[in-house]
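A.B. asks: Right, I'll just put the structure down here and ask away after.
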2 protein chains.
Amino acid sequence: MMDTNQSASRFLQGIAFVLMMLVSYGNGYAQQASHPNIIIFLVDDMGWEDTSVPFSGTVTANNKKYHTPNMERLARGGLKFTNAYAAPVCTPTRVSIITGMNVAHHGVTNWTSPFKDTYSDAKDSLYDPANWNVNGFTPVAGIDKAVHATALPQLLKEAGYFTIHVGKAHWGPQGTPGASPYNVGFIVNISGHAAGHPQSYLSEDNYGNLPGKNAPQSVPDLEQYYQSGTFLTEALTQEAIRSLEYPVSRKQPFFLNFGHYAVHVPLMADKRYYQKYIDRGLDSAEAKYASLIEGMDKSLGDVLDFVEKKGIKNNTVILFLTDNGGLALTPPRGGTHLTHNAPLKAGKGSVYEGGIRVPFIIQYPPLIKAGGTTENPVIAEDIFPGILELAGVRNYKTIQEVDGRSFVPVLKNPSITDTARVLLWHYPNNWKNQAIPGTNYFSALRKGNWKLVYSQRNNTAELYDLSKDLEEEKDLSAAYPDKTRELINLLGKRLKDYKAPMPIDKKTNKPLPYPGDGVNK
Amino acid sequence: MMDTNQSASRFLQGIAFVLMMLVSYGNGYAQQASHPNIIIFLVDDMGWEDTSVPFSGTVTANNKKYHTPNMERLARGGLKFTNAYAAPVCTPTRVSIITGMNVAHHGVTNWTSPFKDTYSDAKDSLYDPANWNVNGFTPVAGIDKAVHATALPQLLKEAGYFTIHVGKAHWGPQGTPGASPYNVGFIVNISGHAAGHPQSYLSEDNYGNLPGKNAPQSVPDLEQYYQSGTFLTEALTQEAIRSLEYPVSRKQPFFLNFGHYAVHVPLMADKRYYQKYIDRGLDSAEAKYASLIEGMDKSLGDVLDFVEKKGIKNNTVILFLTDNGGLALTPPRGGTHLTHNAPLKAGKGSVYEGGIRVPFIIQYPPLIKAGGTTENPVIAEDIFPGILELAGVRNYKTIQEVDGRSFVPVLKNPSITDTARVLLWHYPNNWKNQAIPGTNYFSALRKGNWKLVYSQRNNTAELYDLSKDLEEEKDLSAAYPDKTRELINLLGKRLKDYKAPMPIDKKTNKPLPYPGDGVNK
């Protein structure tokens with residue numbers, strides 16, 4: 001009996017195999033075309049124009065300062081989004097990407113501490129921290145102060161994707177599930193953990209793991225590169241490409257979430273590029289920053305080369321973005337304080353455009369006409385439904401209600417511009433005890449070209465017309481009181497619907513009221 | 001055209017799918033039966049009888065002292081090898097497992113330092129370290145002082161296995177490829193790196209990662225368990241089982257290399273079991289050791305439960321062993337110095353039986369009659385060909401010449417006893433500057449029941465008959481000079497053929513001669 005069964009089974013297997021081969025050879029990547037590979041290339045703390053790819057419509061000083069030939073290459077082959085947004089700091093953006101939720105909704109409004117139950121907010125004489133989700137993202141119920149949601153990588157894994165995380169993760173603190181990318185739906189994790197920056201970019205420092213010198217920011221999983229002269233950006237790139245060999249060799253669709261630690265502080269020279277920027281006259285801090293940018297760009301080039309060499313370019317979505325606006329504080333940056341994101345105002349931490357507008361490019365040849373530009377706004381939470389649609393994952397179930405909107409229609413028709421959509425930012429936190437415009441206890445809203453900047457402390461708002469005033473220099477709130485009131489009310493309603501955390505007034509021990517008329521009644 | 005192709009492709013895919021399903025349902029795990037799952041459960045520094053499973057033919061004091069119900073369960077369901085061997089220290093065994101090479105052949109004769117190019121040998125007034133492979137295993141050519149070989153996990157991965165490493169790795173130092181299990185052929189690695197022991201078993205210590213307190217032995221990849229009260233053994237177990245969910249859900253055959261850090265020093269109490277041993281009258285150090293043993297056994301039970309719960313017991317090979325004999329030094333052990341492996345002589349570091357004889361059990365229901373015992377000798381390098389044969393991997397190519405022999409014939413017929421086979425141990429190193437019998441600059445050879453113990457320094461040999469003298473108390477070399485000479489010559493020839501490293505005599509600056517007549521001419 002056994003033998004007969006086995007023969008029959010072998011015969012059927014044989015037929016099945018032949019048919020599978022026919023299918024494979026018959027139409028090339030037909031199978032995978034419905035499940036294209038996905039790469040999210042996520043850079044840390046890089047500003048909107050810290051690239052030689054112009055995003056503002058004109059070539060800015062920053063576009064001339066930085067050299068990113070591989071971003072240029074990606075933009076030539078893909079679609080450039082000139083109105084792309086993230087949160088003012090990193091964890092909120094990262095949680096939005098994996099949950100599809102707006103920051104005000106998921107409640108992880110600030111960067112998460114490496115330590116559980118710990119508010120990363122700077123001390124404030126007037127306000128206690130808002131009741132935000134300091135424990136980040138959780139895939140399981142019952143974790144206090146964490147957003148319980150179904151993660152994008154988990155859905156992709158369940159759909160057959162080989163899911164890989166490399167580099168910065170920063171979804172939750174030590175002692176919580178979110179500290180481990182394995183709990184976010186990744187099959188493989190290299191160097192992702194609870195921390196939001198690297199203790200060191202240098203192999204000479206063992207990336208922060210020299211004996212007796214560790215911190216929560218010591219980068220894990222790279223021991224084979226210690227003392228080898230390999231810069232962190234390069235080590236992560238080699239690991240990412242090595243990790244891709246496995247799914248590519250099996251023709252299994254993959255999702256690579258490649259989160260560079262670059263260009264976050266500590267600003268350290270990537271020696272491969274540093275001298276070039278010194279020779280161009282940059283000060284030491286800015287030359288370090290520019291070398292981090294170009295090292296990151298070289299990494300992007302290596303990924304693009306890999307994809308082309310493997311013949312999977314037409315079958316691979318590559319999404320480039322950064323997690324918030326560029327850092328504009330001196331020190332650690334060189335140059336002039338708060339000017340680094342010109343023409344945008346302010347920088348990381350702020351709800352002004354300098355803190356939230358980010359470079360964003362998607363390459364996917366079957367759907368996207370190469371070299372295009374779209375002005376349609378897009379925000380971090382859109383990546384969740386957008387990627388799932390591109391991945392051919394339909395009718396998925398999520399614990400959370402998804403706020404993002406798929407960008408796929410825009411890929412097909414970049415001239416679409418949705419002027420009715422409301423984009424929201426919410427930062428009920430004290431980032432640093434410094435006066436940085438639009439930072440600490442601010443919210444913001446964009447609808448069409450109207451941008452509202454709202455101070456939670458003062459219950460006041462500014463209004464800008466971004467079509468004429470990208471720099472947010474001309475406050476129109478007095479000129480347009482009705483529009484201002486309308487947008488304040490809209491903001492208040494959204495925040496209330498989301499049960500968004502608000503700063504706690506020490507005098508009353510109560511949260512500050514939501515903005516607008518009547519929403520707190 | 002596109003549509004027609006797609007329709008045709010969908011039709012063929014449909015047929016193929018139906019046929020695959022027929023195959024799957026038709027004969028259960030027929031496909032996987034030719035590629036069974038493989039679990040190597042490798043314990044560190046646990047002695048031959050540190051278990052309630054008797055390996056010596058009688059119930060020893062150690063068998064009564066330790067409580068390992070899950071090892072009992074495994075032995076009841078599998079085959080117990082009572083003459084199983086490893087090297088006297090850990091890295092040599094681990095490299096033998098992944099390369100199939102004898103230690104004298106692969107040349108990684110001692111434990112590898114976490115640091116590249118660094119001899120872990122204790123300082124010696126008379127000898128410089130042998131020219132051994134201090135950089136461990138390498139999968140790529142051109143690494144100095146490392147053995148370049150094709151690794152077992154790599155071959156299994158290429159054969160379609162989903163390869164997972166969890167726990168202690170210790171195949172090569174920082175700054176070399178062997179530091180990363182990803183370079184050894186694993187698709188997933190949790191907590192494996194260059195170090196050979198854990199800095200701490202305690203989540204309260206972040207497993208050695210408290211800020212400013214790290215060492216090369218700080219255990220990576222477990223941040224989600226920090227400060228959670230989860231003992232290292234338990235955290236690794238949860239990670240191993242979580243990692244298995246993915247291949248099991250896809251019915252992809254898996255190879256799990258589960259290397260426990262337990263029961264290596266530092267001896268720390270696994271609180272779940274510690275008090276029980278105190279109550280039984282053990283001293284604190286021995287109660288800690290016993291708690292580490294039982295925590296390890298609980299982990300084995302969790303793995304067995306998982307395999308049974310998933311319905312894959314009949315399709316899964318489980319191989320239990322330890323990497324060398326039990327540590328027999330006081331301190332850190334309690335009790336009486338060098339008695340811990342009774343009835344065996346000495347312990348870890350020694351070529352006497354107490355240093356090299358290890359518990360070894362294989363469960364694989366389709367091939368093995370449950371509850372059996374075999375006396376046929378087996379040694380670490382046999383795992384390489386044995387596992388590949390069980391995995392149905394044939395005609396594989398390796399860089400290295402494999403010394404091990406498959407144990408598969410013994411699984412089928414446990415009464416086989418190969419008395420002609422020569423087993424070899426080689427330790428041209430100074431482990432510790434202590435007088436421990438059979439330790440520091442010793443080799444050994446077993447053929448049938450004859451055991452030769454050879455001192456490299458003194459060029460002298462002892463001869464034992466293990467069938468009558470398991471304790472190695474009665475040196476028969478004077479009584480059997482011809483047998484002694486024969487085995488010395490055999491040892492010398494093997495070492496010469498392998499180009500085995502020998503200690504360097506400081507007086508002559510030359511390696512000590514190989515043993516025997518004429519081999520150095």
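By order of appearance in the structure tokens: chains A, B, ..., then residues from 1 within every chain, and ligands from 1 in the order shown.
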Skip B:Leu152 itself and residues of its chain fewer than 6 positions away, then list as number ranges by chain all residues within 8 Å of it, counting only C-alpha atoms.

C.D. replies: B: 97-99, 185, 384, 388

A.B. asks: Mind the document's chain letters and residue numbers, and return as number ranges by chain the residues of stretch 126-351 of chain B that DSSP labels strand (DSSP E or B).

C.D. replies: B: 127-128, 137-138, 147-148, 162-167, 174, 188-190, 254-259, 316-322, 350

A.B. asks: Keeping only C-alpha atoms, write the selected residues as a short mmCIF file (atom, residue, chain, number, x, y, z; two decimals), in the first residue's frame.

C.D. replies:
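And here is the file that came out, selection09.cif:
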```
data_model
loop_
_atom_site.label_atom_id
_atom_site.label_comp_id
_atom_site.auth_asym_id
_atom_site.auth_seq_id
_atom_site.Cartn_x
_atom_site.Cartn_y
_atom_site.Cartn_z
CA TYR B 127 55.23 26.41 25.62
CA ASP B 128 53.93 28.95 23.20
CA PHE B 137 35.17 28.66 11.23
CA THR B 138 34.91 30.64 8.02
CA VAL B 147 39.08 26.65 8.90
CA HIS B 148 37.46 27.24 5.55
CA PHE B 162 14.45 26.81 6.79
CA THR B 163 17.50 27.11 9.01
CA ILE B 164 17.26 28.75 12.44
CA HIS B 165 19.91 29.30 15.05
CA VAL B 166 18.91 30.21 18.60
CA GLY B 167 21.28 30.68 21.53
CA GLN B 174 34.35 39.37 16.40
CA VAL B 188 17.38 33.37 11.19
CA ASN B 189 19.66 33.97 14.15
CA ILE B 190 18.54 34.84 17.65
CA PHE B 254 13.21 23.30 9.20
CA PHE B 255 16.54 22.91 10.87
CA LEU B 256 16.65 24.39 14.36
CA ASN B 257 20.07 24.59 15.95
CA PHE B 258 19.15 25.37 19.53
CA GLY B 259 22.33 26.03 21.49
CA THR B 316 11.05 15.53 13.15
CA VAL B 317 14.53 14.39 14.13
CA ILE B 318 15.50 15.59 17.61
CA LEU B 319 19.13 15.21 18.53
CA PHE B 320 20.18 16.01 22.09
CA LEU B 321 23.81 16.36 23.11
CA THR B 322 26.20 18.47 25.09
CA SER B 350 40.35 16.80 29.93
#
```

A.B. asks: Determine, counting only C-alpha atoms, which protein, DNA and RNA residues have an atom within 10 Å of an atom of B:Leu300; residues of the same chain fewer than 2 positions away are not included. Present the result as a PyMOL selection string.

C.D. replies: chain B and resi 41+68-71+73-74+237+258+294-298+302-306+318+320

A.B. asks: I want to know what sits within 6 Å of A:Gly107, based on only C-alpha atoms, with residues of the same chain fewer than 3 positions away left out; could you give that as a ChimeraX atom specification?

C.D. replies: /A:103-104,132-133

A.B. asks: From the options A:Asn324, A:Thr374, A:Asn341, A:Gln199, which residue's atoms come nearest to chain B, counting only C-alpha atoms?

C.D. replies: A:Gln199

A.B. asks: Using only C-alpha atoms, which residues of stretch 168-271 of chain A come within 7 Å of stretch 43-52 of chain A, and what is the closest atom pair for each, with the distance in Å to one decimal? Give it as a tab-separated table, sorted by chain and residue number.

C.D. replies:
```
residue	atom	partner	partner_atom	distance
A:Gly259	CA	A:Val43	CA	6.1
A:His260	CA	A:Val43	CA	5.2
A:Tyr261	CA	A:Asp44	CA	5.9
A:Ala262	CA	A:Asp44	CA	5.6
A:Val263	CA	A:Asp44	CA	5.5
A:His264	CA	A:Asp45	CA	5.4
```

A.B. asks: Please save C-alpha atoms of the selected residues as a compact mmCIF listing (two decimals), in the first residue's frame.

C.D. replies:
```txt
# COMPACT_ATOMS: atom_id res chain seq x y z
CA GLY A 259 15.78 51.59 8.22
CA HIS A 260 19.07 53.43 8.14
CA TYR A 261 20.42 54.84 11.37
CA ALA A 262 21.94 57.56 9.18
CA VAL A 263 21.72 60.54 9.29
CA HIS A 264 20.72 60.75 12.97
```
